[in-house]
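Reading through the structure tokens given below for one structure.
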Amino acid sequence: ADVYDCDDDSAYFLFVVRNPIERIKSAFLYDRPLSEKSLKVRFPEYYERRKNFYLDCPSFGVFESLVQDGLTKHGRSSDVCKIRAFTGLTGERHFSCHMYFNYQFHLEGVPENAKILAIRNEHLIQDWNGVEHFIGGEKEIIPPENANTTIGVVNKSKKDSHDKLLSEESTHIVCKQLCNEIVSYKKILR
């Protein structure tokens with residue numbers, strides 16, 4: 001059955017989104033295994049996919065290295081790993097669920113003239129309150145002064161400081177590779 005031939009009478013589709021560059025960095029870190037042993041034990045169903053991306057391409061342990069070694073002509077990764085870097089980040093190959101099921105994937109499942117409500121992660125309280133008010137609720141369901149106490153940090157796992165860094169050059173490279181994803185993000189925000 002074609003799942004895109006459904007009749008859908010939803011009044012609105014709600015997306016919670018974040019900056020595509022920050023989203024891809026977070027997805028990369030979220031799925032990165034601690035070790036091969038932990039990957040086998042904790043995620044046996046994802047073992048081969050994640051192994052192919054993270055462990056078989058050794059320089060992909062840090063996002064900056066993935067970009068420089070896997071997405072540039074001068075990169076030190078093998079041709080196989082360069083293809084994996086490109087197809088993994090763009091969601092063309094399923095190494096990581098968070099990269100594969102990207103904005104483009106989800107947007108394609110929404111009817112063409114659908115009404116979309118978006119909550120931006122970077123403006124969570126403001127957008128949440130706006131959506132709440134729009135659908136008939138309170139204007140400030142979450143008071144801005146309560147933002148940190150009402151909605152706590154979910155991902156508290158330890159990361160090295162170099163995990164979160166992305167050079168200006170690498171940011172430009174990632175933006176170019178994520179062009180379709182950025183366009184999909186903008187369509188969601190329209």
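Residue names in the structure tokens use chain letters A, B, ... in the order shown, residue numbers from 1 in each chain, and ligand numbers from 1 in the order shown.
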Quiz item: If you run DSSP on this backbone, which residues of range 44-127 of chain A come out as helix (DSSP H, G or I), and could you give them as an MDAnalysis selection string?
Solution: chainID A and resid 44:55 58:61 63:70 79:89 97:100 103:108 121:127
Quiz prompt | Neighbour list for range 95-105 of chain A as JSON, numbers by chain, cut-off 8 Å, only C-alpha atoms, skip fewer than 3 positions in-chain | solution = {"A": [24, 27, 28, 31, 49, 50, 52, 53, 88, 89, 90, 91, 92, 108, 109, 180, 181, 184, 185]}
Limited to N, CA and C atoms, could you put the picked residues into a file as a PDB file, in the first residue's frame?
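Final output, saved to out_7.pdb:
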ATOM      1  N   ILE A  24      21.915  18.451  12.605  1.00  0.00           N
ATOM      2  CA  ILE A  24      22.766  17.392  12.062  1.00  0.00           C
ATOM      3  C   ILE A  24      23.939  17.109  13.008  1.00  0.00           C
ATOM      4  N   ALA A  27      22.413  15.059  15.787  1.00  0.00           N
ATOM      5  CA  ALA A  27      22.124  13.707  15.302  1.00  0.00           C
ATOM      6  C   ALA A  27      23.399  12.884  15.238  1.00  0.00           C
ATOM      7  N   PHE A  28      24.461  13.497  14.739  1.00  0.00           N
ATOM      8  CA  PHE A  28      25.749  12.823  14.650  1.00  0.00           C
ATOM      9  C   PHE A  28      26.219  12.370  16.031  1.00  0.00           C
ATOM     10  N   ASP A  31      23.907   9.479  17.774  1.00  0.00           N
ATOM     11  CA  ASP A  31      24.034   8.111  17.279  1.00  0.00           C
ATOM     12  C   ASP A  31      25.457   7.561  17.346  1.00  0.00           C
ATOM     13  N   ARG A  49      24.668  -0.703  10.348  1.00  0.00           N
ATOM     14  CA  ARG A  49      24.558   0.655   9.797  1.00  0.00           C
ATOM     15  C   ARG A  49      25.504   1.627  10.483  1.00  0.00           C
ATOM     16  N   ARG A  50      25.458   1.636  11.795  1.00  0.00           N
ATOM     17  CA  ARG A  50      26.303   2.581  12.538  1.00  0.00           C
ATOM     18  C   ARG A  50      27.775   2.201  12.450  1.00  0.00           C
ATOM     19  N   ASN A  52      29.237   0.796   9.879  1.00  0.00           N
ATOM     20  CA  ASN A  52      29.686   1.247   8.555  1.00  0.00           C
ATOM     21  C   ASN A  52      30.014   2.735   8.545  1.00  0.00           C
ATOM     22  N   PHE A  53      29.253   3.503   9.254  1.00  0.00           N
ATOM     23  CA  PHE A  53      29.440   4.951   9.230  1.00  0.00           C
ATOM     24  C   PHE A  53      30.502   5.417  10.224  1.00  0.00           C
ATOM     25  N   GLY A  88      25.240   9.832   4.132  1.00  0.00           N
ATOM     26  CA  GLY A  88      24.741   9.804   5.508  1.00  0.00           C
ATOM     27  C   GLY A  88      24.186  11.147   5.930  1.00  0.00           C
ATOM     28  N   LEU A  89      24.931  12.214   5.682  1.00  0.00           N
ATOM     29  CA  LEU A  89      24.490  13.547   6.080  1.00  0.00           C
ATOM     30  C   LEU A  89      23.261  14.007   5.321  1.00  0.00           C
ATOM     31  N   THR A  90      23.168  13.653   4.060  1.00  0.00           N
ATOM     32  CA  THR A  90      22.019  14.104   3.255  1.00  0.00           C
ATOM     33  C   THR A  90      20.804  13.208   3.425  1.00  0.00           C
ATOM     34  N   GLY A  91      20.947  12.107   4.153  1.00  0.00           N
ATOM     35  CA  GLY A  91      19.823  11.205   4.371  1.00  0.00           C
ATOM     36  C   GLY A  91      19.550  10.279   3.200  1.00  0.00           C
ATOM     37  N   GLU A  92      20.490  10.173   2.291  1.00  0.00           N
ATOM     38  CA  GLU A  92      20.304   9.289   1.140  1.00  0.00           C
ATOM     39  C   GLU A  92      20.554   7.825   1.497  1.00  0.00           C
ATOM     40  N   GLU A 108       7.706  15.454   3.027  1.00  0.00           N
ATOM     41  CA  GLU A 108       7.125  14.723   1.892  1.00  0.00           C
ATOM     42  C   GLU A 108       5.873  13.947   2.294  1.00  0.00           C
ATOM     43  N   GLY A 109       5.696  13.663   3.562  1.00  0.00           N
ATOM     44  CA  GLY A 109       4.519  12.948   4.038  1.00  0.00           C
ATOM     45  C   GLY A 109       3.345  13.856   4.386  1.00  0.00           C
ATOM     46  N   ASN A 180      19.193  20.891   0.365  1.00  0.00           N
ATOM     47  CA  ASN A 180      17.795  20.439   0.306  1.00  0.00           C
ATOM     48  C   ASN A 180      17.154  20.415   1.688  1.00  0.00           C
ATOM     49  N   GLU A 181      17.932  20.045   2.683  1.00  0.00           N
ATOM     50  CA  GLU A 181      17.422  20.015   4.053  1.00  0.00           C
ATOM     51  C   GLU A 181      17.092  21.434   4.536  1.00  0.00           C
ATOM     52  N   SER A 184      13.890  22.498   2.906  1.00  0.00           N
ATOM     53  CA  SER A 184      12.753  21.849   3.579  1.00  0.00           C
ATOM     54  C   SER A 184      12.456  22.526   4.912  1.00  0.00           C
ATOM     55  N   TYR A 185      13.487  22.871   5.642  1.00  0.00           N
ATOM     56  CA  TYR A 185      13.342  23.592   6.923  1.00  0.00           C
ATOM     57  C   TYR A 185      12.605  24.921   6.694  1.00  0.00           C
TER      58      TYR A 185
END
Practice problem: List the neighbours of Leu55 in chain A out to 9 Å using only C-alpha atoms; skip same-chain residues closer than 4 positions along the sequence, and give me the result as a ChimeraX atom specification. | Solution: /A:33,35-36,50-51,59-61
Self-check item: Contacts of range 125-139 of chain A at 10 Å (only C-alpha atoms; same-chain gap of 3+ positions) as JSON, numbers by chain
Solution: {"A": [12, 14, 16, 117, 118, 119, 120, 121, 122, 142, 143, 144, 145, 146, 147, 148, 150, 151]}
For the residues in the current selection, export C-alpha atoms as a tab-separated table (two decimals), in the first residue's frame.
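Printed below is again38.tsv as written:
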chain	number	residue	atom	x	y	z
A	12	TYR	CA	-2.74	21.26	11.23
A	14	LEU	CA	2.90	20.31	14.06
A	16	VAL	CA	9.23	20.91	16.25
A	117	LEU	CA	2.50	24.93	12.74
A	118	ALA	CA	6.17	25.07	13.67
A	119	ILE	CA	7.92	25.33	17.00
A	120	ARG	CA	11.56	26.27	16.67
A	121	ASN	CA	13.80	24.69	19.27
A	122	GLU	CA	15.85	27.88	19.49
A	142	ILE	CA	4.64	29.02	29.82
A	143	PRO	CA	5.80	32.33	31.27
A	144	PRO	CA	9.18	33.32	29.78
A	145	GLU	CA	10.68	33.75	33.24
A	146	ASN	CA	9.95	30.06	33.95
A	147	ALA	CA	11.62	28.77	30.80
A	148	ASN	CA	14.53	27.06	32.53
A	150	THR	CA	9.54	24.48	33.22
A	151	ILE	CA	11.46	22.83	30.39
Exercise. For CA of His162 in chain A and CA of Glu64 in chain A, quote the distance in Å rounded to one decimal.
Key: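 Rounded to one decimal, the two atoms are 8.3 Å apart.
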Exercise. Kindly indicate which residue among A:Leu178, A:Ile141, A:His106, A:Arg42 lies nearest to Ala85 in chain A, using only C-alpha atoms for the distances.
Key: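 Looking at the shortest contact to Ala85 in chain A, the residue is A:Leu178.
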Quiz item: If you measure from CA of Arg18 in chain A to CA of His123 in chain A, what distance in Å do you get, rounded to one decimal?
Solution: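 One can read the CA of Arg18 in chain A to CA of His123 in chain A distance as 9.0 Å.
Across A:Ile83, A:Ile182, A:Val174, A:Ile188, the tightest approach to Phe13 in chain A is made by A:Ile188 when counting only C-alpha atoms.
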Self-check item: Point-to-point distance in Å for CA of Arg93 in chain A and CA of Asp79 in chain A
Solution: 15.5 Å
Practice problem: Would you list the contacts of Leu165 in chain A as JSON, numbers by chain, taking every protein, DNA or RNA residue within 12 Å and counting only C-alpha atoms, but skipping same-chain residues closer than 6 positions in sequence? | Solution: {"A": [21, 22, 25, 26, 29, 62, 63, 64, 65, 67, 159, 171]}
Based on the selection just made, write C-alpha atoms of those residues as a PDB file, in the first residue's frame.
ATOM      1  CA  ILE A  21      23.234  22.615  11.120  1.00  0.00           C
ATOM      2  CA  GLU A  22      22.655  22.205  14.850  1.00  0.00           C
ATOM      3  CA  LYS A  25      25.546  17.937  14.641  1.00  0.00           C
ATOM      4  CA  SER A  26      23.230  16.710  17.384  1.00  0.00           C
ATOM      5  CA  LEU A  29      26.613  12.940  18.350  1.00  0.00           C
ATOM      6  CA  VAL A  62      34.300  13.964  15.629  1.00  0.00           C
ATOM      7  CA  PHE A  63      31.937  15.955  13.410  1.00  0.00           C
ATOM      8  CA  GLU A  64      34.613  18.447  12.316  1.00  0.00           C
ATOM      9  CA  SER A  65      36.773  15.519  11.164  1.00  0.00           C
ATOM     10  CA  VAL A  67      33.395  17.143   7.384  1.00  0.00           C
ATOM     11  CA  LYS A 159      30.567  15.527  25.297  1.00  0.00           C
ATOM     12  CA  THR A 171      29.983  25.109   8.428  1.00  0.00           C
TER      13      THR A 171
END
